[in-house]
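Trainee: structure11.txt is reproduced in full below (compact mmCIF, C-alpha atoms and all ligand atoms).
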```
# COMPACT_ATOMS: atom_id res chain seq x y z
CA MET A 21 -34.62 17.56 -6.61
CA TRP A 22 -31.47 18.65 -8.45
CA ARG A 23 -29.43 15.58 -9.27
CA ARG A 24 -25.74 15.89 -10.01
CA GLU A 25 -26.34 16.00 -13.79
CA SER A 26 -28.26 19.25 -13.35
CA THR A 27 -26.24 21.10 -10.73
CA ILE A 28 -24.44 24.29 -11.77
CA PRO A 29 -20.83 23.56 -12.80
CA VAL A 30 -18.23 25.26 -10.62
CA ARG A 31 -14.58 25.53 -11.59
CA ILE A 32 -12.04 25.01 -8.81
CA GLY A 33 -8.62 25.57 -10.34
CA ASN A 34 -8.33 23.00 -13.13
CA VAL A 35 -11.19 20.83 -11.85
CA VAL A 36 -14.87 21.40 -12.64
CA ILE A 37 -17.45 19.91 -10.31
CA GLY A 38 -21.20 19.73 -10.84
CA GLY A 39 -23.18 19.69 -14.06
CA GLY A 40 -22.61 15.97 -14.54
CA ASN A 41 -18.81 16.14 -14.38
CA PRO A 42 -17.09 13.14 -12.78
CA ILE A 43 -17.51 13.12 -9.02
CA ALA A 44 -14.28 14.65 -7.74
CA VAL A 45 -12.43 12.94 -4.92
CA GLN A 46 -11.11 15.28 -2.29
CA SER A 47 -9.29 15.06 0.98
CA MET A 48 -7.85 17.26 3.69
CA THR A 49 -4.34 17.30 5.08
CA ASN A 50 -3.75 16.68 8.77
CA THR A 51 -0.33 18.31 8.91
CA HIS A 52 0.27 21.74 10.40
CA THR A 53 -0.09 23.92 7.32
CA GLU A 54 2.76 26.13 8.53
CA ASP A 55 5.02 23.14 7.97
CA VAL A 56 5.29 23.46 4.20
CA THR A 57 7.56 20.43 3.75
CA ALA A 58 5.27 18.06 5.62
CA THR A 59 2.13 19.49 4.02
CA VAL A 60 3.46 19.32 0.46
CA TYR A 61 4.77 15.80 1.07
CA GLN A 62 1.34 14.68 2.24
CA ILE A 63 -0.42 16.38 -0.67
CA LYS A 64 1.96 14.66 -3.11
CA ARG A 65 1.02 11.31 -1.57
CA LEU A 66 -2.65 12.25 -1.89
CA GLU A 67 -2.17 13.23 -5.54
CA LYS A 68 -0.52 9.89 -6.24
CA ALA A 69 -3.49 8.10 -4.71
CA GLY A 70 -5.85 10.04 -7.02
CA CYS A 71 -6.92 12.98 -4.86
CA GLU A 72 -8.30 15.71 -7.12
CA LEU A 73 -8.93 18.57 -4.67
CA VAL A 74 -7.15 19.18 -1.40
CA ARG A 75 -8.14 21.31 1.56
CA VAL A 76 -5.81 22.60 4.22
CA ALA A 77 -6.56 24.15 7.60
CA VAL A 78 -5.73 27.85 7.86
CA PRO A 79 -5.80 28.60 11.57
CA THR A 80 -2.97 31.16 11.78
CA ARG A 81 -1.49 34.05 9.85
CA ASP A 82 1.66 32.03 9.32
CA SER A 83 -0.32 29.14 7.80
CA ALA A 84 -2.15 31.56 5.48
CA LEU A 85 1.14 33.09 4.35
CA LYS A 86 2.50 29.64 3.46
CA LEU A 87 -0.31 28.86 1.03
CA ARG A 88 1.43 30.33 -2.01
CA GLU A 89 4.49 28.18 -1.44
CA ILE A 90 2.32 25.09 -0.97
CA LYS A 91 0.29 25.84 -4.07
CA LYS A 92 3.42 26.24 -6.18
CA SER A 93 4.60 22.77 -5.20
CA ILE A 94 1.45 20.79 -5.93
CA SER A 95 -0.61 19.92 -9.01
CA ILE A 96 -4.16 19.80 -7.66
CA PRO A 97 -6.40 22.72 -6.61
CA LEU A 98 -5.84 24.05 -3.11
CA ILE A 99 -8.72 24.93 -0.80
CA ALA A 100 -8.38 27.07 2.33
CA ASP A 101 -10.46 25.96 5.31
CA LEU A 102 -11.42 29.05 7.32
CA HIS A 103 -12.92 29.32 10.78
CA PHE A 104 -13.25 32.16 13.33
CA ASP A 105 -10.65 34.55 11.91
CA LEU A 106 -11.91 35.39 8.44
CA SER A 107 -9.20 38.01 7.97
CA LEU A 108 -6.99 35.03 7.10
CA GLY A 109 -9.24 34.45 4.10
CA PHE A 110 -7.97 37.66 2.49
CA ILE A 111 -4.42 36.39 2.80
CA ALA A 112 -5.44 32.99 1.44
CA LEU A 113 -6.99 34.65 -1.60
CA GLU A 114 -3.90 36.79 -2.08
CA MET A 115 -1.78 33.60 -1.93
CA GLY A 116 -3.78 32.20 -4.85
CA VAL A 117 -5.98 29.48 -3.33
CA ASP A 118 -8.54 27.96 -5.70
CA LYS A 119 -11.47 27.91 -3.29
CA ILE A 120 -12.31 28.89 0.25
CA ARG A 121 -14.53 27.05 2.70
CA ILE A 122 -16.58 28.95 5.23
CA ASN A 123 -18.56 27.42 8.07
CA PRO A 124 -21.63 29.44 9.16
CA GLY A 125 -21.09 28.21 12.71
CA THR A 126 -17.67 29.79 12.99
CA VAL A 127 -18.33 33.15 11.37
CA PRO A 128 -18.73 35.62 14.22
CA ASN A 129 -18.79 38.79 12.14
CA ARG A 130 -20.99 39.25 9.08
CA ASP A 131 -19.28 42.49 8.01
CA ILE A 132 -15.98 40.65 7.57
CA LEU A 133 -17.79 37.79 5.87
CA LYS A 134 -19.33 40.23 3.39
CA SER A 135 -15.95 41.80 2.64
CA LEU A 136 -14.43 38.37 2.14
CA VAL A 137 -17.25 37.30 -0.18
CA LEU A 138 -16.75 40.46 -2.26
CA GLU A 139 -12.99 39.81 -2.40
CA ALA A 140 -13.61 36.21 -3.56
CA LYS A 141 -16.05 37.56 -6.12
CA ALA A 142 -13.50 40.05 -7.42
CA ARG A 143 -11.08 37.14 -7.92
CA ASN A 144 -13.80 34.71 -9.08
CA VAL A 145 -12.75 32.18 -6.45
CA PRO A 146 -15.58 29.83 -5.45
CA ILE A 147 -16.77 29.58 -1.88
CA ARG A 148 -18.15 26.51 -0.15
CA ILE A 149 -20.75 27.14 2.50
CA GLY A 150 -19.99 24.13 4.67
CA VAL A 151 -22.49 23.46 7.43
CA ASN A 152 -21.43 20.99 10.07
CA LYS A 153 -23.74 19.71 12.79
CA GLY A 154 -20.97 19.93 15.37
CA SER A 155 -20.74 23.69 14.85
CA LEU A 156 -24.31 24.57 13.84
CA PRO A 157 -25.20 28.09 15.07
CA ASP A 158 -27.40 28.08 18.19
CA ASN A 159 -30.41 29.57 16.45
CA TYR A 160 -30.93 26.47 14.28
CA SER A 161 -32.58 23.21 15.35
CA LYS A 162 -30.13 20.33 15.67
CA ASP A 163 -31.82 18.20 13.04
CA LYS A 164 -31.90 17.91 9.27
CA GLU A 165 -34.30 20.85 8.93
CA GLY A 166 -31.97 23.03 10.99
CA LEU A 167 -28.94 21.96 8.95
CA VAL A 168 -30.69 22.72 5.67
CA ARG A 169 -32.17 26.01 6.94
CA CYS A 170 -28.71 27.17 7.96
CA ALA A 171 -27.21 26.31 4.57
CA LEU A 172 -30.05 28.04 2.73
CA ASP A 173 -29.82 31.17 4.88
CA TYR A 174 -26.10 31.57 4.25
CA LEU A 175 -26.38 30.81 0.55
CA LYS A 176 -29.06 33.52 0.34
CA LEU A 177 -26.86 35.93 2.27
CA VAL A 178 -24.00 35.45 -0.16
CA GLU A 179 -26.33 35.62 -3.17
CA ASP A 180 -27.76 38.88 -1.85
CA TRP A 181 -24.21 40.24 -1.81
CA GLY A 182 -24.10 39.44 -5.52
CA TYR A 183 -22.06 36.23 -5.57
CA ASN A 184 -23.20 32.81 -6.74
CA ASN A 185 -20.00 30.92 -7.54
CA LEU A 186 -20.86 28.56 -4.71
CA VAL A 187 -20.63 25.01 -3.46
CA VAL A 188 -22.57 23.76 -0.46
CA SER A 189 -22.28 20.97 2.07
CA ILE A 190 -24.18 19.66 5.04
CA LYS A 191 -22.40 17.17 7.19
CA SER A 192 -23.42 15.16 10.22
CA SER A 193 -21.68 12.30 11.98
CA ASP A 194 -24.93 10.34 11.58
CA PRO A 195 -24.93 8.75 8.11
CA GLU A 196 -28.71 8.58 7.89
CA GLU A 197 -29.10 12.22 8.83
CA THR A 198 -26.42 13.18 6.31
CA VAL A 199 -28.39 11.42 3.58
CA SER A 200 -31.80 12.84 4.48
CA ALA A 201 -30.43 16.36 4.98
CA ASN A 202 -28.65 16.29 1.62
CA ILE A 203 -31.76 15.00 -0.16
CA LEU A 204 -33.72 17.87 1.37
CA LEU A 205 -31.00 20.35 0.45
CA ALA A 206 -30.94 19.14 -3.16
CA SER A 207 -34.66 19.87 -3.42
CA TYR A 208 -33.88 23.56 -2.82
CA VAL A 209 -30.55 24.34 -4.48
CA ARG A 210 -28.74 23.69 -7.75
CA TYR A 211 -25.29 24.37 -6.36
CA PRO A 212 -22.85 21.46 -6.45
CA ILE A 213 -22.89 19.47 -3.22
CA SER A 214 -19.76 18.42 -1.41
CA LEU A 215 -20.78 15.15 0.21
CA GLY A 216 -19.39 13.50 3.29
CA VAL A 217 -20.17 11.94 6.64
CA THR A 218 -18.18 14.01 9.11
CA GLU A 219 -16.33 12.76 12.18
CA ALA A 220 -16.94 9.19 11.04
CA GLY A 221 -14.05 7.86 13.13
CA GLY A 222 -11.16 5.77 11.91
CA GLY A 223 -10.41 2.34 10.52
CA TRP A 224 -13.24 -0.04 9.71
CA ARG A 225 -15.78 1.93 11.74
CA GLY A 226 -15.22 5.10 9.77
CA ILE A 227 -15.14 3.24 6.48
CA VAL A 228 -18.48 1.54 7.14
CA LYS A 229 -20.18 4.77 8.24
CA SER A 230 -18.84 6.76 5.32
CA SER A 231 -19.62 4.06 2.80
CA ILE A 232 -23.23 3.67 3.93
CA GLY A 233 -23.92 7.39 4.16
CA MET A 234 -22.26 8.26 0.90
CA ALA A 235 -23.59 5.32 -1.08
CA LEU A 236 -27.19 6.09 -0.17
CA ALA A 237 -26.84 9.75 -1.16
CA LEU A 238 -24.79 9.02 -4.28
CA LYS A 239 -27.40 6.53 -5.48
CA GLU A 240 -29.99 9.29 -5.16
CA GLY A 241 -27.90 11.35 -7.57
CA ILE A 242 -26.50 13.62 -4.86
CA GLY A 243 -22.84 14.53 -4.49
CA ASP A 244 -20.62 16.33 -7.00
CA THR A 245 -17.48 15.88 -4.94
CA ILE A 246 -16.88 13.59 -1.97
CA ARG A 247 -14.61 13.54 1.01
CA VAL A 248 -14.34 10.46 3.18
CA SER A 249 -13.44 11.68 6.68
CA LEU A 250 -11.25 9.21 8.53
CA THR A 251 -9.11 9.59 11.60
CA GLY A 252 -5.57 8.88 10.43
CA ASP A 253 -3.59 9.06 7.20
CA PRO A 254 -5.74 10.93 4.63
CA VAL A 255 -4.40 8.75 1.81
CA MET A 256 -6.81 6.11 3.11
CA GLU A 257 -9.67 8.60 2.56
CA VAL A 258 -8.83 8.74 -1.13
CA LYS A 259 -8.56 4.96 -1.46
CA VAL A 260 -11.91 4.47 0.25
CA ALA A 261 -13.53 7.21 -1.85
CA TYR A 262 -12.50 5.51 -5.09
CA GLU A 263 -13.64 2.14 -3.80
CA ILE A 264 -17.07 3.61 -2.99
CA LEU A 265 -17.35 5.28 -6.40
CA ARG A 266 -16.04 2.21 -8.23
CA THR A 267 -18.43 -0.08 -6.40
CA LEU A 268 -21.36 2.15 -7.38
CA GLY A 269 -20.16 2.32 -10.98
CA LEU A 270 -19.69 6.10 -10.71
CA ARG A 271 -15.93 6.29 -11.37
CA LYS A 272 -13.63 3.83 -13.03
CA ARG A 273 -10.14 4.17 -11.73
CA GLY A 274 -7.65 1.60 -10.61
CA VAL A 275 -7.88 -2.04 -9.71
CA ASN A 276 -11.14 -3.70 -8.79
CA LEU A 277 -9.79 -6.56 -6.71
CA ILE A 278 -11.92 -9.70 -6.51
CA ALA A 279 -10.79 -12.25 -3.94
CA CYS A 280 -12.45 -14.99 -1.96
CA PRO A 281 -12.43 -15.07 1.87
CA THR A 282 -10.79 -18.55 1.72
CA CYS A 283 -12.07 -21.57 3.57
CA GLY A 284 -10.97 -25.10 4.44
CA ARG A 285 -10.61 -25.95 0.74
CA CYS A 286 -7.88 -23.38 0.13
CA GLN A 287 -4.38 -24.90 -0.07
CA VAL A 288 -2.27 -21.76 -0.46
CA ASP A 289 -1.61 -18.73 1.72
CA LEU A 290 -4.13 -16.68 -0.23
CA GLU A 291 -4.08 -13.76 2.21
CA SER A 292 -0.35 -13.21 1.59
CA TYR A 293 -0.81 -13.38 -2.17
CA TYR A 294 -3.77 -11.01 -1.94
CA LYS A 295 -1.74 -8.49 0.06
CA GLU A 296 1.15 -8.80 -2.39
CA VAL A 297 -1.12 -8.11 -5.37
CA GLU A 298 -2.89 -5.25 -3.58
CA SER A 299 0.37 -3.58 -2.67
CA ALA A 300 2.02 -4.13 -6.08
CA LEU A 301 -0.98 -2.66 -7.91
CA GLU A 302 -1.68 0.20 -5.52
CA ASP A 303 -0.72 2.92 -7.98
CA ILE A 304 -2.46 1.49 -11.04
CA LYS A 305 -4.79 4.04 -12.60
CA ILE A 306 -6.39 2.17 -15.48
CA PRO A 307 -9.69 0.50 -14.64
CA ILE A 308 -9.12 -3.23 -14.48
CA ASP A 309 -10.76 -6.20 -12.74
CA VAL A 310 -8.26 -8.56 -11.10
CA ALA A 311 -9.26 -11.84 -9.41
CA VAL A 312 -7.24 -13.74 -6.80
CA MET A 313 -9.16 -16.89 -5.90
CA GLY A 314 -8.53 -19.76 -3.51
CA CYS A 315 -9.73 -22.94 -5.20
CA SER A 316 -11.58 -24.59 -8.04
CA VAL A 317 -15.06 -24.00 -6.61
CA ASN A 318 -15.46 -20.33 -7.56
CA GLY A 319 -11.90 -19.61 -8.66
CA PRO A 320 -11.96 -20.39 -12.39
CA GLY A 321 -15.38 -18.74 -12.75
CA GLU A 322 -14.34 -15.45 -11.15
CA ALA A 323 -10.88 -15.44 -12.73
CA ARG A 324 -12.42 -16.02 -16.15
CA LEU A 325 -14.90 -13.14 -15.73
CA ALA A 326 -12.24 -10.66 -14.60
CA ASP A 327 -9.81 -8.87 -16.95
CA CYS A 328 -7.18 -11.14 -15.47
CA GLY A 329 -7.10 -13.57 -12.61
CA VAL A 330 -5.51 -16.45 -10.81
CA ALA A 331 -7.35 -19.51 -9.50
CA PHE A 332 -5.24 -21.52 -7.08
CA GLY A 333 -5.17 -25.26 -6.61
CA LYS A 334 -2.74 -27.42 -4.68
CA ASP A 335 0.79 -26.18 -5.49
CA LYS A 336 -0.43 -24.76 -8.80
CA ALA A 337 -2.49 -21.94 -10.23
CA ILE A 338 -4.36 -21.28 -13.44
CA PHE A 339 -3.74 -17.83 -14.91
CA PHE A 340 -6.50 -16.19 -16.98
CA ILE A 341 -6.54 -13.14 -19.20
CA LYS A 342 -9.86 -11.91 -20.56
CA GLY A 343 -11.47 -15.27 -19.98
CA GLU A 344 -8.70 -17.26 -21.66
CA ILE A 345 -6.47 -19.73 -19.84
CA MET A 346 -2.85 -18.62 -20.24
CA GLY A 347 -1.48 -21.71 -18.56
CA THR A 348 -0.97 -23.52 -15.30
CA PHE A 349 1.96 -22.31 -13.20
CA SER A 350 3.38 -22.49 -9.73
CA PRO A 351 1.52 -20.12 -7.38
CA ARG A 352 4.50 -17.74 -7.31
CA GLU A 353 4.86 -17.67 -11.10
CA ALA A 354 1.14 -17.10 -11.55
CA ILE A 355 1.11 -14.16 -9.15
CA GLU A 356 4.10 -12.61 -10.88
CA LYS A 357 2.44 -13.02 -14.27
CA LEU A 358 -0.74 -11.44 -12.95
CA ILE A 359 1.09 -8.42 -11.52
CA GLY A 360 3.25 -8.16 -14.65
CA TYR A 361 0.22 -8.18 -16.91
CA VAL A 362 -1.53 -5.37 -15.06
CA LYS A 363 1.63 -3.24 -14.91
CA GLU A 364 2.23 -3.73 -18.60
CA ALA A 365 -1.35 -2.78 -19.35
CA GLU A 366 -0.87 0.39 -17.31
CA ARG A 367 2.42 1.17 -19.03
CA SER A 368 0.89 1.00 -22.46
CA LYS A 369 -2.08 3.06 -21.19
CA ASN A 370 -3.91 0.11 -22.40
CA GLU A 371 -7.09 0.49 -24.34
CA ASN A 372 -6.08 -2.39 -26.50
CA VAL A 373 -5.38 -5.36 -24.27
CA THR A 374 -4.57 -7.51 -27.27
CA THR A 375 -0.94 -6.40 -27.49
CA VAL A 376 -0.38 -7.27 -23.88
CA LEU A 377 -2.27 -10.50 -24.24
CA LEU A 378 0.02 -11.64 -27.04
CA SER A 379 3.22 -10.79 -25.20
CA THR A 380 1.98 -12.53 -22.06
CA GLU A 381 1.02 -15.55 -24.11
CA ARG A 382 4.57 -15.70 -25.45
CA ASP A 383 5.97 -15.43 -21.92
CA ALA A 384 3.75 -18.29 -20.82
S1 LIG B 401 -13.16 -20.07 -3.82
FE1 LIG B 401 -12.65 -22.00 -2.83
S2 LIG B 401 -11.22 -21.41 -1.21
FE2 LIG B 401 -12.26 -19.56 -1.83
S3 LIG B 401 -13.96 -19.41 -0.40
FE3 LIG B 401 -14.73 -20.41 -2.25
S4 LIG B 401 -14.56 -22.57 -1.83
FE4 LIG B 401 -13.27 -21.55 -0.31
```
Here is a file; write its structure as structure tokens.
Mentor:
Amino acid sequence: MWRRESTIPVRIGNVVIGGGNPIAVQSMTNTHTEDVTATVYQIKRLEKAGCELVRVAVPTRDSALKLREIKKSISIPLIADLHFDLSLGFIALEMGVDKIRINPGTVPNRDILKSLVLEAKARNVPIRIGVNKGSLPDNYSKDKEGLVRCALDYLKLVEDWGYNNLVVSIKSSDPEETVSANILLASYVRYPISLGVTEAGGGWRGIVKSSIGMALALKEGIGDTIRVSLTGDPVMEVKVAYEILRTLGLRKRGVNLIACPTCGRCQVDLESYYKEVESALEDIKIPIDVAVMGCSVNGPGEARLADCGVAFGKDKAIFFIKGEIMGTFSPREAIEKLIGYVKEAERSKNENVTTVLLSTERDA
């Protein structure tokens, strides 16, 4: 099996996936691509959340023609999602997209596909062969073998046309099938794998399905880029993707928030403080462990182990930095110190926490 360390690196704009590069987080807009203002605005929000590759639907000639304008306004690589009318792919390439995605189940004409592959080759733009169970061609069995067979057949087709700057994906709405199909796929191909559980739903249901499916595959060493598919605002997809990667120790970005569920011992409104901290630190990029804990049972222990933390008591809170007690404050003061510390660490692009520690000590 080809694990992510040994897949072939593929450059998509200024991002390289595969070959042991960091697992790239991607998402897809849900605006009408023709609406440049709305699409760029959403991509900017995705960028801010840490999205590293973005895909947009290209269902019409007008949407294809808008891709250049969209690309000019954003900082991350732009991927055109093509189905049915592959002639739009030529426009997308002309508009400067960084990658195109083709679905074998929605490619009615192989002659046009071949021409498009040769055009992508001429421009050295990578292609993802993205197989989706919901649109698997009729001649393949609707199981993991059929999904893998389809991906292999289309990869071979494109290779036979002389192009191998390729990424591949197999997606199912069943997390277990997604995992087993991707493990099987990785035993055949060295191309980078774009991993995701498709049509996972929204909210907590989608998050659970995506997390289980992705975590199992990621732990097997599979997945060079991931997309969490959730019904709703795609910014949530990026947040969930980083939380999955952070939890597995595969990417370190942003705040790892440690908080207790509270119980009858808690004497503050911990949920409100938690939400305040979460919201205030939403845009933090440096990796940092932050604890917000309800009482003296587990509070001091967790807060001491984190980079910084607050352990509440009755009308008071102990504030820790790197295991050291900075003082006992009112709950409000402690929360403000906690947020202030993390923001200051971010501002100084902090590798050396000592500077911040000293200034916070003086404040305390
Ligand atoms: S830390 Fe304290 S308040 Fe929080 S769950 Fe544990 S015992 Fe309850």
Trainee: In Å, how far is it from CA of Leu175 (chain A) to CA of Glu139 (chain A)?
Mentor: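 Distance reported for this atom pair: 16.4 Å.
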Trainee: Would you kindly return, as a PyMOL selection string, each protein, DNA or RNA residue with an atom no farther than 8 Å from any atom of region 186-201 of chain A, considering all atoms listed in the file and excluding same-chain residues fewer than 5 positions away?
Mentor: chain A and resi 30+146-154+163-165+167-168+171+175+211-220+229-230+232-234+236-237
Trainee: For CA of Glu356 (chain A) and CA of Ile278 (chain A), determine how far apart the two atoms are, in Å to one decimal place.
Mentor: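 Interatomic distance here is 16.9 Å.
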Trainee: Between CA of Gln62 (chain A) and CA of Asn144 (chain A), what distance in Å does the model show, to one decimal?
Mentor: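 According to the coordinates, CA of Gln62 (chain A) and CA of Asn144 (chain A) are separated by 27.5 Å.
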Trainee: Could you list, as a list in words, every residue within 12 Å of region 51-53 of chain A, counting all atoms listed in the file and ignoring same-chain residues fewer than 6 positions away?
Mentor: Thr59, Val60, Tyr61, Gln62, Ile63, Arg75, Val76, Ala77, Val78, Pro79, Thr80, Arg81, Asp82, Ser83, Ala84, Leu85, Lys86, Leu87, Arg88, Glu89, Ile90, Lys91, Leu98, Ile99, Ala100, Asp101, Gly252, Asp253 and Pro254 of chain A
Trainee: List as a ChimeraX atom specification the protein and nucleic acid residues near region 315-328 of chain A, meaning an atom at most 10 Å away when all atoms listed in the file are counted, but skip any in the same chain fewer than 2 places from it.
Mentor: /A:276-280,282-288,290,307-313,330-334,337-346,357-359,361-362,373
Trainee: Taking only C-alpha atoms into account, name the residue in A:Thr267, A:Ser231, A:Asn123, A:Asn41 that is nearest to Leu250 (chain A).
Mentor: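 Among the listed residues, the smallest separation from Leu250 (chain A) belongs to A:Ser231.
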Trainee: Using all atoms listed in the file, can you tell me which of A:Val127, A:Ala142, A:Leu270, A:Ile43 comes closest to Gly243 (chain A)?
Mentor: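 Checking each candidate against Gly243 (chain A), we get A:Ile43 as the closest.
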Trainee: Edge lengths and centre in Å to one decimal, as lines of an AutoDock Vina configuration file, is what I'm after for the box along x, y and z that holds all listed atoms of ligand LIG 401 (chain B) once 8 Å is added on each side.
Mentor:
```
center_x = -13.0
center_y = -21.0
center_z = -2.1
size_x = 19.5
size_y = 19.2
size_z = 19.5
```
Trainee: Pull the neighbourhood of (-25.3, 30.6, 13.6) for me: all residues within 12 Å in file coordinates, counting only C-alpha atoms, as a ChimeraX atom specification.
Mentor: /A:123-130,151-162,166-167,169-171,173-174
Trainee: Between A:Gly182, A:Pro97, A:Pro42, A:Gly223, single out the one closest to Arg271 (chain A), counting only C-alpha atoms.
Mentor: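 Residue with the minimum atom-to-atom distance to Arg271 (chain A): A:Pro42.
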Trainee: What lies within 9 Å of Arg273 (chain A) using all atoms listed in the file, ignoring chain neighbours under 3 positions off, as a compact mmCIF listing (two decimals) with C-alpha atoms, keeping the file's coordinate frame?
Mentor:
```txt
# COMPACT_ATOMS: atom_id res chain seq x y z
CA GLY A 70 -5.85 10.04 -7.02
CA TYR A 262 -12.50 5.51 -5.09
CA GLU A 263 -13.64 2.14 -3.80
CA ARG A 266 -16.04 2.21 -8.23
CA ASN A 276 -11.14 -3.70 -8.79
CA ILE A 304 -2.46 1.49 -11.04
CA LYS A 305 -4.79 4.04 -12.60
CA ILE A 306 -6.39 2.17 -15.48
CA PRO A 307 -9.69 0.50 -14.64
CA ILE A 308 -9.12 -3.23 -14.48
```
